[in-house]
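input20.cif (mmCIF, C-alpha atoms)
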data_model
loop_
_atom_site.label_atom_id
_atom_site.label_comp_id
_atom_site.auth_asym_id
_atom_site.auth_seq_id
_atom_site.Cartn_x
_atom_site.Cartn_y
_atom_site.Cartn_z
CA MET A 62 101.74 99.79 125.45
CA GLY A 63 99.01 101.87 123.80
CA LEU A 64 98.08 102.53 120.18
CA THR A 65 100.58 102.33 117.34
CA ILE A 66 100.47 103.10 113.64
CA GLY A 67 101.42 100.60 110.96
CA VAL A 68 102.49 101.77 107.51
CA ASP A 69 102.25 99.64 104.37
CA ILE A 70 104.17 100.99 101.36
CA GLY A 71 102.50 99.76 98.20
CA GLY A 72 103.26 100.31 94.54
CA THR A 73 100.34 102.72 94.07
CA LYS A 74 99.42 103.83 97.59
CA ILE A 75 100.84 104.18 101.09
CA ALA A 76 98.43 103.14 103.84
CA ALA A 77 98.77 104.04 107.51
CA GLY A 78 96.50 102.62 110.19
CA VAL A 79 96.03 103.02 113.93
CA VAL A 80 96.10 99.55 115.51
CA ASP A 81 95.29 98.53 119.07
CA GLU A 82 96.90 95.73 121.07
CA GLU A 83 94.28 93.24 119.85
CA GLY A 84 95.21 93.84 116.21
CA THR A 85 92.09 95.89 115.43
CA ILE A 86 92.50 98.73 112.95
CA LEU A 87 90.80 101.82 114.38
CA SER A 88 91.42 104.30 111.58
CA THR A 89 93.31 104.49 108.29
CA HIS A 90 94.66 107.11 105.94
CA LYS A 91 95.97 106.52 102.43
CA VAL A 92 98.03 108.67 100.08
CA PRO A 93 99.33 107.96 96.56
CA THR A 94 102.83 106.51 96.30
CA PRO A 95 105.03 109.18 94.69
CA GLY A 96 107.82 108.58 92.24
CA THR A 97 110.98 109.53 94.12
CA SER A 98 112.51 108.15 97.30
CA GLU A 99 112.51 111.50 99.12
CA GLU A 100 108.88 112.14 98.19
CA ILE A 101 108.00 108.71 99.60
CA VAL A 102 109.38 109.76 103.00
CA ASP A 103 107.14 112.85 102.89
CA ALA A 104 104.18 110.68 101.85
CA ILE A 105 104.76 108.28 104.75
CA ALA A 106 104.73 111.24 107.15
CA SER A 107 101.53 112.56 105.56
CA ALA A 108 99.81 109.17 105.89
CA VAL A 109 100.88 108.87 109.54
CA GLU A 110 99.60 112.36 110.36
CA GLY A 111 96.30 111.63 108.66
CA ALA A 112 95.78 108.37 110.56
CA ARG A 113 96.83 109.65 113.99
CA ALA A 114 94.25 112.45 114.19
CA GLY A 115 92.29 112.06 117.42
CA HIS A 116 94.46 109.22 118.76
CA ASP A 117 97.26 109.10 121.32
CA ILE A 118 100.01 107.23 119.47
CA VAL A 119 103.14 105.74 121.07
CA GLY A 120 105.03 104.56 117.99
CA VAL A 121 105.10 103.81 114.27
CA GLY A 122 106.07 100.63 112.42
CA ILE A 123 106.87 100.80 108.70
CA GLY A 124 106.78 97.75 106.43
CA ALA A 125 109.26 98.26 103.60
CA ALA A 126 110.01 95.90 100.72
CA GLY A 127 113.75 95.34 100.80
CA TYR A 128 116.65 94.50 103.05
CA VAL A 129 116.29 96.16 106.46
CA ASN A 130 119.11 96.22 109.01
CA ARG A 131 118.86 94.38 112.31
CA GLN A 132 118.53 97.65 114.21
CA ARG A 133 115.25 98.26 112.32
CA SER A 134 116.39 101.70 111.23
CA GLU A 135 117.93 101.54 107.75
CA VAL A 136 116.92 100.05 104.41
CA TYR A 137 120.07 98.56 102.91
CA PHE A 138 118.46 98.01 99.52
CA ALA A 139 114.95 98.24 98.10
CA PRO A 140 114.25 96.70 94.69
CA ASN A 141 111.40 98.99 93.67
CA ILE A 142 112.45 102.24 95.37
CA HIS A 143 115.86 103.83 94.93
CA TRP A 144 116.78 103.34 98.59
CA ARG A 145 120.41 102.42 99.21
CA ASN A 146 121.50 102.54 102.87
CA GLU A 147 118.47 104.75 103.47
CA PRO A 148 118.14 106.02 107.10
CA LEU A 149 114.35 105.72 106.97
CA LYS A 150 113.78 105.63 110.74
CA GLU A 151 115.70 108.86 111.29
CA LYS A 152 113.98 110.70 108.44
CA VAL A 153 110.42 109.72 109.38
CA GLU A 154 110.99 110.37 113.09
CA ALA A 155 112.12 113.90 112.24
CA ARG A 156 108.85 114.51 110.41
CA VAL A 157 106.31 112.88 112.76
CA GLY A 158 107.92 113.29 116.18
CA LEU A 159 107.23 109.68 117.19
CA PRO A 160 109.46 106.62 117.73
CA VAL A 161 109.71 104.68 114.45
CA VAL A 162 110.84 101.15 113.60
CA VAL A 163 111.35 99.81 110.09
CA GLU A 164 110.57 96.20 109.24
CA ASN A 165 110.78 94.14 106.09
CA ASP A 166 107.24 94.04 104.72
CA ALA A 167 107.09 90.24 104.49
CA ASN A 168 108.34 89.97 108.09
CA ALA A 169 105.62 92.39 109.14
CA ALA A 170 102.92 90.39 107.34
CA ALA A 171 104.24 87.16 108.86
CA TRP A 172 104.10 88.66 112.35
CA GLY A 173 100.56 89.91 111.78
CA GLU A 174 99.37 86.44 110.76
CA TYR A 175 101.26 84.76 113.60
CA LYS A 176 99.90 87.12 116.26
CA PHE A 177 96.37 87.82 115.07
CA GLY A 178 95.58 85.52 112.15
CA ALA A 179 96.12 81.93 111.05
CA GLY A 180 99.16 81.45 113.30
CA LYS A 181 97.41 82.06 116.62
CA GLY A 182 98.25 79.22 119.02
CA HIS A 183 101.49 78.29 117.24
CA ARG A 184 104.99 78.98 118.58
CA ASN A 185 106.93 78.01 115.45
CA VAL A 186 105.58 79.28 112.16
CA ILE A 187 106.97 79.85 108.67
CA CYS A 188 105.03 82.30 106.51
CA ILE A 189 105.35 82.76 102.78
CA THR A 190 103.66 85.42 100.68
CA LEU A 191 102.71 84.46 97.14
CA GLY A 192 102.21 87.61 95.14
CA THR A 193 104.01 89.10 92.18
CA GLY A 194 107.11 87.65 93.85
CA LEU A 195 107.65 85.42 96.87
CA GLY A 196 108.50 86.65 100.37
CA GLY A 197 108.47 85.18 103.82
CA GLY A 198 109.03 85.38 107.55
CA VAL A 199 110.24 83.07 110.31
CA ILE A 200 108.79 82.95 113.83
CA ILE A 201 110.56 80.47 116.09
CA GLY A 202 109.89 80.28 119.82
CA ASN A 203 107.38 83.15 119.53
CA LYS A 204 110.09 85.48 118.19
CA LEU A 205 110.56 86.97 114.74
CA ARG A 206 113.93 85.77 113.49
CA ARG A 207 115.63 88.40 111.35
CA GLY A 208 119.12 86.89 111.23
CA HIS A 209 122.41 88.46 112.27
CA PHE A 210 122.28 91.28 109.71
CA GLY A 211 118.48 91.57 109.63
CA VAL A 212 117.93 90.14 106.15
CA ALA A 213 116.86 86.55 106.85
CA ALA A 214 113.90 84.79 105.21
CA GLU A 215 114.37 86.14 101.68
CA PHE A 216 112.88 82.84 100.56
CA GLY A 217 112.07 84.01 97.07
CA HIS A 218 115.75 84.07 96.21
CA ILE A 219 116.64 80.58 97.29
CA ARG A 220 118.08 78.98 94.14
CA MET A 221 115.77 76.10 93.27
CA VAL A 222 117.14 75.43 89.77
CA PRO A 223 120.89 75.78 89.06
CA ASP A 224 121.34 77.99 86.00
CA GLY A 225 117.55 78.33 85.80
CA LEU A 226 115.39 81.28 84.82
CA LEU A 227 116.92 84.72 85.22
CA CYS A 228 115.52 86.57 88.25
CA GLY A 229 115.14 90.30 88.73
CA CYS A 230 117.68 90.06 91.56
CA GLY A 231 120.34 89.13 89.00
CA SER A 232 120.63 85.47 89.97
CA GLN A 233 119.20 82.46 88.15
CA GLY A 234 116.74 79.78 89.21
CA CYS A 235 115.28 81.63 92.21
CA TRP A 236 112.23 80.08 93.86
CA GLU A 237 109.99 83.03 93.00
CA GLN A 238 110.60 82.45 89.30
CA TYR A 239 108.69 79.18 89.70
CA ALA A 240 106.30 79.98 92.57
CA SER A 241 104.69 83.41 92.22
CA GLY A 242 101.99 85.30 90.37
CA ARG A 243 104.37 85.96 87.50
CA ALA A 244 105.17 82.26 87.28
CA LEU A 245 101.48 81.32 87.24
CA VAL A 246 100.79 83.62 84.28
CA ARG A 247 103.85 82.27 82.46
CA TYR A 248 102.64 78.68 82.92
CA ALA A 249 99.19 79.62 81.63
CA LYS A 250 100.55 81.40 78.56
CA GLN A 251 102.84 78.50 77.69
CA ARG A 252 100.08 75.92 78.05
CA ALA A 253 97.50 78.00 76.19
CA ASN A 254 99.95 78.44 73.34
CA ALA A 255 100.66 74.69 73.20
CA THR A 256 97.06 73.45 73.63
CA PRO A 257 94.63 76.28 72.85
CA GLU A 258 91.75 73.81 72.56
CA GLN A 259 92.09 73.14 76.31
CA ALA A 260 92.13 76.86 77.17
CA GLN A 261 88.95 78.12 75.56
CA THR A 262 87.53 79.65 78.74
CA LEU A 263 90.86 81.14 79.72
CA LEU A 264 91.46 82.68 76.30
CA SER A 265 87.93 84.09 76.13
CA LEU A 266 88.53 86.13 79.29
CA GLY A 267 91.38 88.05 77.67
CA ASP A 268 91.89 89.17 74.09
CA GLY A 269 91.76 85.65 72.71
CA THR A 270 95.52 85.20 72.53
CA PRO A 271 97.95 83.58 75.00
CA GLU A 272 99.81 86.90 75.22
CA GLY A 273 96.68 88.60 76.56
CA ILE A 274 96.34 86.30 79.59
CA GLU A 275 96.53 88.04 82.97
CA GLY A 276 96.57 86.65 86.51
CA LYS A 277 92.91 87.45 87.13
CA HIS A 278 91.98 85.48 84.00
CA VAL A 279 93.78 82.38 85.26
CA SER A 280 91.96 82.38 88.60
CA MET A 281 88.56 83.04 86.99
CA ALA A 282 89.08 80.30 84.42
CA ALA A 283 90.33 77.80 87.01
CA ARG A 284 87.17 78.32 89.04
CA GLN A 285 85.21 77.41 85.92
CA GLY A 286 87.24 74.24 85.39
CA ASP A 287 89.38 75.38 82.45
CA ARG A 288 91.97 72.63 81.95
CA VAL A 289 94.94 74.88 81.23
CA ALA A 290 94.17 77.21 84.15
CA VAL A 291 93.79 74.32 86.60
CA ASP A 292 97.00 72.69 85.37
CA SER A 293 98.82 76.02 85.74
CA TYR A 294 97.78 76.21 89.39
CA ARG A 295 98.96 72.63 89.88
CA GLU A 296 102.36 73.50 88.43
CA LEU A 297 102.61 76.50 90.72
CA ALA A 298 101.63 74.35 93.69
CA ARG A 299 104.22 71.73 92.79
CA TRP A 300 106.99 74.30 93.17
CA VAL A 301 105.51 75.86 96.30
CA GLY A 302 105.16 72.49 98.01
CA ALA A 303 108.69 71.43 97.08
CA GLY A 304 110.04 74.63 98.61
CA LEU A 305 108.01 74.18 101.79
CA ALA A 306 109.44 70.67 102.15
CA ASP A 307 112.94 72.16 102.05
CA LEU A 308 111.98 74.77 104.65
CA ALA A 309 110.57 72.00 106.87
CA SER A 310 113.99 70.36 106.83
CA LEU A 311 115.54 73.64 107.96
CA PHE A 312 113.07 74.90 110.55
CA ASP A 313 110.63 72.09 111.46
CA PRO A 314 107.67 74.44 112.11
CA SER A 315 104.27 73.36 113.38
CA ALA A 316 102.59 75.35 110.60
CA PHE A 317 103.19 77.04 107.30
CA ILE A 318 101.00 80.03 106.53
CA VAL A 319 100.48 80.89 102.88
CA GLY A 320 99.56 84.53 102.26
CA GLY A 321 99.75 87.03 99.44
CA GLY A 322 97.30 87.58 96.63
CA LEU A 323 97.39 84.00 95.33
CA SER A 324 96.24 82.67 98.72
CA ASP A 325 92.91 84.43 98.14
CA GLU A 326 92.00 81.49 95.88
CA GLY A 327 91.73 79.26 98.96
CA GLU A 328 91.63 75.53 98.35
CA LEU A 329 92.17 75.99 94.62
CA VAL A 330 95.81 76.63 95.49
CA LEU A 331 96.15 75.35 99.07
CA GLY A 332 94.96 71.80 98.34
CA PRO A 333 97.55 71.15 95.63
CA ILE A 334 100.26 72.82 97.75
CA ARG A 335 99.55 70.43 100.63
CA LYS A 336 99.70 67.47 98.25
CA SER A 337 103.03 68.61 96.79
CA TYR A 338 104.46 69.37 100.23
CA ARG A 339 103.71 65.86 101.45
CA ARG A 340 105.10 64.42 98.23
CA TRP A 341 108.48 66.11 98.67
CA LEU A 342 108.78 66.02 102.47
CA VAL A 343 111.67 63.77 103.42
CA GLY A 344 110.38 60.92 105.59
CA GLY A 345 106.88 62.29 105.20
CA ASN A 346 105.20 58.93 105.80
CA TRP A 347 106.86 58.53 109.20
CA ARG A 348 107.19 62.01 110.68
CA PRO A 349 104.76 64.65 111.98
CA VAL A 350 103.64 66.92 109.17
CA ALA A 351 103.18 70.66 109.63
CA ASP A 352 99.83 72.23 108.84
CA VAL A 353 99.61 74.29 105.65
CA LEU A 354 97.18 77.10 106.41
CA GLY A 355 95.75 79.95 104.40
CA ALA A 356 96.38 83.45 105.69
CA GLN A 357 93.42 85.15 107.38
CA LEU A 358 94.23 88.85 107.44
CA GLY A 359 94.54 89.42 103.69
CA ASN A 360 96.16 92.67 102.66
CA LYS A 361 95.86 94.02 106.22
CA ALA A 362 98.54 91.66 107.56
CA GLY A 363 101.51 93.88 106.79
CA LEU A 364 99.98 97.01 108.30
CA VAL A 365 98.79 95.21 111.45
CA GLY A 366 102.08 93.37 111.84
CA ALA A 367 104.19 96.51 111.41
CA ALA A 368 102.09 98.34 114.00
CA ASP A 369 102.44 95.52 116.52
CA LEU A 370 106.19 95.18 115.93
CA ALA A 371 106.51 98.85 116.89
CA ARG A 372 105.63 97.64 120.42
CA GLU A 373 108.29 94.94 120.40
CA PRO A 374 111.60 95.71 122.14
CA ASP A 375 114.72 96.33 120.09
CA PRO A 376 115.88 92.86 118.91
CA VAL A 377 119.55 93.85 119.04
CA MET A 378 120.91 92.77 122.41
#
Could you rewrite the structure in this file as structure tokens?
Amino acid sequence: MGLTIGVDIGGTKIAAGVVDEEGTILSTHKVPTPGTSEEIVDAIASAVEGARAGHDIVGVGIGAAGYVNRQRSEVYFAPNIHWRNEPLKEKVEARVGLPVVVENDANAAAWGEYKFGAGKGHRNVICITLGTGLGGGVIIGNKLRRGHFGVAAEFGHIRMVPDGLLCGCGSQGCWEQYASGRALVRYAKQRANATPEQAQTLLSLGDGTPEGIEGKHVSMAARQGDRVAVDSYRELARWVGAGLADLASLFDPSAFIVGGGLSDEGELVLGPIRKSYRRWLVGGNWRPVADVLGAQLGNKAGLVGAADLAREPDPVM
């Protein structure tokens, strides 16, 4: 099928990369993420043009945070960009002169891990991304499952706690309020405020107050054995594992892949997640248990996955 370009739209930069059929990135070009939705379209085109220089490109895949229609052409709604029913495919195609498909960014990352990373060899995989929020993707029977309207696998907004914490989506008790980078920092601040004597290392990495704790401080302190930091990771893992157990009841995958920034901590987070998952898995002592694997592609997964999905046929039959 030839070379394609994957585009990853981040909060501070837009990255485009030329990717071959083996998932290898051959060249990249990055531009700053501008402030308005129309400027972002221009920036995407600029990144694509910068990456494609010297390459014969057959298509472009864009990973966008938000609800993308099943035709892979329109962003229904994006939480961090003012896109509402945005015809992104049409606009970018007009600027770059190449076929374009638009994918949800978590779906793109899931596909990248399934095809070229931790999911290689599996037919049925559920991916979750643990970052500032919580996203995911579903691959069943070697196919990315987007749902009838294209907006499946918004796992972060499964309601885990009725009338629980208010979420940015407007609902309450969403999974990502209990299993995400934001949640981890909240746990650490609460525990450091309650038992500062058990958080000396953690507090010393910030400004000395619970309010000054940041995500990087929690991971650094946990690696040094700080009690509050370690307990905060365990609380995070408890919620992640409980959610995976629910997803196992729905999809029965052979593997879960945990990606996103928090997965970079490796066994510090994966070990407790596995323990929690087995704890909450219905019939877990008598049934096969899916692997819980760490992602392998890191922050390249979305770009690589979007590029490869540009080679996939239109899913709308």
Exercise for the section: Would you kindly return, as a PyMOL selection string, each protein, DNA or RNA residue with an atom no farther than 9 Å from any atom of range 201-216 of chain A, considering only C-alpha atoms and excluding same-chain residues fewer than 6 positions away? Expected result: chain A and resi 127-133+165+167-168+171-172+175+183-187+189+195+235-237+304+312+314+376
Problem - Selection: 12 Å around Gly231 in chain A, only C-alpha atoms, excl. self and same-chain fewer than 5 positions, as a ChimeraX atom specification - result: /A:140,218,220,224-226,238
Given the PyMOL selection byres ((chain A and resi 270-276) around 12), the residues it picks as a PDB file with C-alpha atoms, in the coordinates of the input:
ATOM      1  CA  GLY A 192     102.210  87.610  95.140  1.00  0.00           C
ATOM      2  CA  THR A 193     104.010  89.100  92.180  1.00  0.00           C
ATOM      3  CA  SER A 241     104.690  83.410  92.220  1.00  0.00           C
ATOM      4  CA  GLY A 242     101.990  85.300  90.370  1.00  0.00           C
ATOM      5  CA  ARG A 243     104.370  85.960  87.500  1.00  0.00           C
ATOM      6  CA  ALA A 244     105.170  82.260  87.280  1.00  0.00           C
ATOM      7  CA  LEU A 245     101.480  81.320  87.240  1.00  0.00           C
ATOM      8  CA  VAL A 246     100.790  83.620  84.280  1.00  0.00           C
ATOM      9  CA  ARG A 247     103.850  82.270  82.460  1.00  0.00           C
ATOM     10  CA  TYR A 248     102.640  78.680  82.920  1.00  0.00           C
ATOM     11  CA  ALA A 249      99.190  79.620  81.630  1.00  0.00           C
ATOM     12  CA  LYS A 250     100.550  81.400  78.560  1.00  0.00           C
ATOM     13  CA  GLN A 251     102.840  78.500  77.690  1.00  0.00           C
ATOM     14  CA  ARG A 252     100.080  75.920  78.050  1.00  0.00           C
ATOM     15  CA  ALA A 253      97.500  78.000  76.190  1.00  0.00           C
ATOM     16  CA  ASN A 254      99.950  78.440  73.340  1.00  0.00           C
ATOM     17  CA  ALA A 255     100.660  74.690  73.200  1.00  0.00           C
ATOM     18  CA  THR A 256      97.060  73.450  73.630  1.00  0.00           C
ATOM     19  CA  PRO A 257      94.630  76.280  72.850  1.00  0.00           C
ATOM     20  CA  GLU A 258      91.750  73.810  72.560  1.00  0.00           C
ATOM     21  CA  ALA A 260      92.130  76.860  77.170  1.00  0.00           C
ATOM     22  CA  GLN A 261      88.950  78.120  75.560  1.00  0.00           C
ATOM     23  CA  THR A 262      87.530  79.650  78.740  1.00  0.00           C
ATOM     24  CA  LEU A 263      90.860  81.140  79.720  1.00  0.00           C
ATOM     25  CA  LEU A 264      91.460  82.680  76.300  1.00  0.00           C
ATOM     26  CA  SER A 265      87.930  84.090  76.130  1.00  0.00           C
ATOM     27  CA  LEU A 266      88.530  86.130  79.290  1.00  0.00           C
ATOM     28  CA  GLY A 267      91.380  88.050  77.670  1.00  0.00           C
ATOM     29  CA  ASP A 268      91.890  89.170  74.090  1.00  0.00           C
ATOM     30  CA  GLY A 269      91.760  85.650  72.710  1.00  0.00           C
ATOM     31  CA  LYS A 277      92.910  87.450  87.130  1.00  0.00           C
ATOM     32  CA  HIS A 278      91.980  85.480  84.000  1.00  0.00           C
ATOM     33  CA  VAL A 279      93.780  82.380  85.260  1.00  0.00           C
ATOM     34  CA  SER A 280      91.960  82.380  88.600  1.00  0.00           C
ATOM     35  CA  MET A 281      88.560  83.040  86.990  1.00  0.00           C
ATOM     36  CA  ALA A 282      89.080  80.300  84.420  1.00  0.00           C
ATOM     37  CA  ALA A 283      90.330  77.800  87.010  1.00  0.00           C
ATOM     38  CA  VAL A 289      94.940  74.880  81.230  1.00  0.00           C
ATOM     39  CA  ALA A 290      94.170  77.210  84.150  1.00  0.00           C
ATOM     40  CA  SER A 293      98.820  76.020  85.740  1.00  0.00           C
ATOM     41  CA  TYR A 294      97.780  76.210  89.390  1.00  0.00           C
ATOM     42  CA  GLY A 322      97.300  87.580  96.630  1.00  0.00           C
ATOM     43  CA  LEU A 323      97.390  84.000  95.330  1.00  0.00           C
ATOM     44  CA  GLU A 326      92.000  81.490  95.880  1.00  0.00           C
TER      45      GLU A 326
END
Exercise for the section: List the neighbours of Leu370 in chain A out to 8 Å using all atoms listed in the file; skip same-chain residues closer than 5 positions along the sequence, and give me the result as a list in words. Expected result: Gly122, Val162, Ala169 and Trp172 of chain A
Since we have the selection now, will you write its residues out, keeping C-alpha atoms, as a PDB file, in the coordinates of the input?
ATOM      1  CA  GLY A 122     106.070 100.630 112.420  1.00  0.00           C
ATOM      2  CA  VAL A 162     110.840 101.150 113.600  1.00  0.00           C
ATOM      3  CA  ALA A 169     105.620  92.390 109.140  1.00  0.00           C
ATOM      4  CA  TRP A 172     104.100  88.660 112.350  1.00  0.00           C
TER       5      TRP A 172
END
Practice task
Can you give me, as a ChimeraX atom specification, the residues this file yields under the PyMOL selection byres ((chain A and resi 178) around 12)?
Solution key: /A:83-85,170-177,179-183,186,188,318-320,354-363,365-366
Practice task
Run the PyMOL selection byres ((chain A and resi 112) around 9) mentally over the shown coordinates, then write out the matched residues as a PyMOL selection string, using the chain letters and numbers from the document.
Solution key: chain A and resi 66+76-79+88-91+107-111+113-116
Practice task
Point out the residue among A:Thr65, A:Leu305, A:Ala106, A:Arg340 with the least atom-to-atom distance to Gly197 in chain A, counting all atoms listed in the file.
Solution key: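 Among the listed residues, the smallest separation from Gly197 in chain A belongs to A:Leu305.
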Practice task
Rank nothing, just name the residue among A:Gly67, A:Val343, A:Asp375, A:Gly158 nearest to Leu311 in chain A, using all atoms listed in the file.
Solution key: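 Using all atoms listed in the file, the shortest distance to Leu311 in chain A belongs to A:Val343.
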Practice task
Report the distance between CA of Gly124 in chain A and CA of Ala309 in chain A in Å, rounded to one decimal place.
Solution key: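 The value is 26.0 Å.
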Exercise for the section: Counting all atoms listed in the file, figure out which residue out of A:Lys74, A:Arg372, A:Trp300, A:Glu82 gets nearest to Pro95 in chain A. Expected result: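 With all atoms listed in the file as the atom set, the closest residue is A:Lys74.
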Fill in the blank from the handout: Counting only C-alpha atoms, the residue among A:Asp103, A:Asp81, A:Glu328, A:Asp292 that lies closest to Glu154 in chain A is A:Asp103
Problem - Between CA of Gly234 in chain A and CA of Asp325 in chain A - distance in Å to one decimal - result: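 CA of Asp325 in chain A sits 25.9 Å away from CA of Gly234 in chain A.
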Completion exercise
From CA of Gly194 in chain A to CA of Val68 in chain A the spacing works out at 20.2 Å
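Distances here use only C-alpha atoms; by that measure, the residue among A:Gly286, A:Leu331, A:Gln233, A:Asp69 closest to Gln259 in chain A is A:Gly286.
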Exercise for the section: Find, counting all atoms listed in the file, the residue in A:Ala125, A:Ala316, A:Ala371, A:Ile101 that gets nearest to Asp352 in chain A. Expected result: A:Ala316
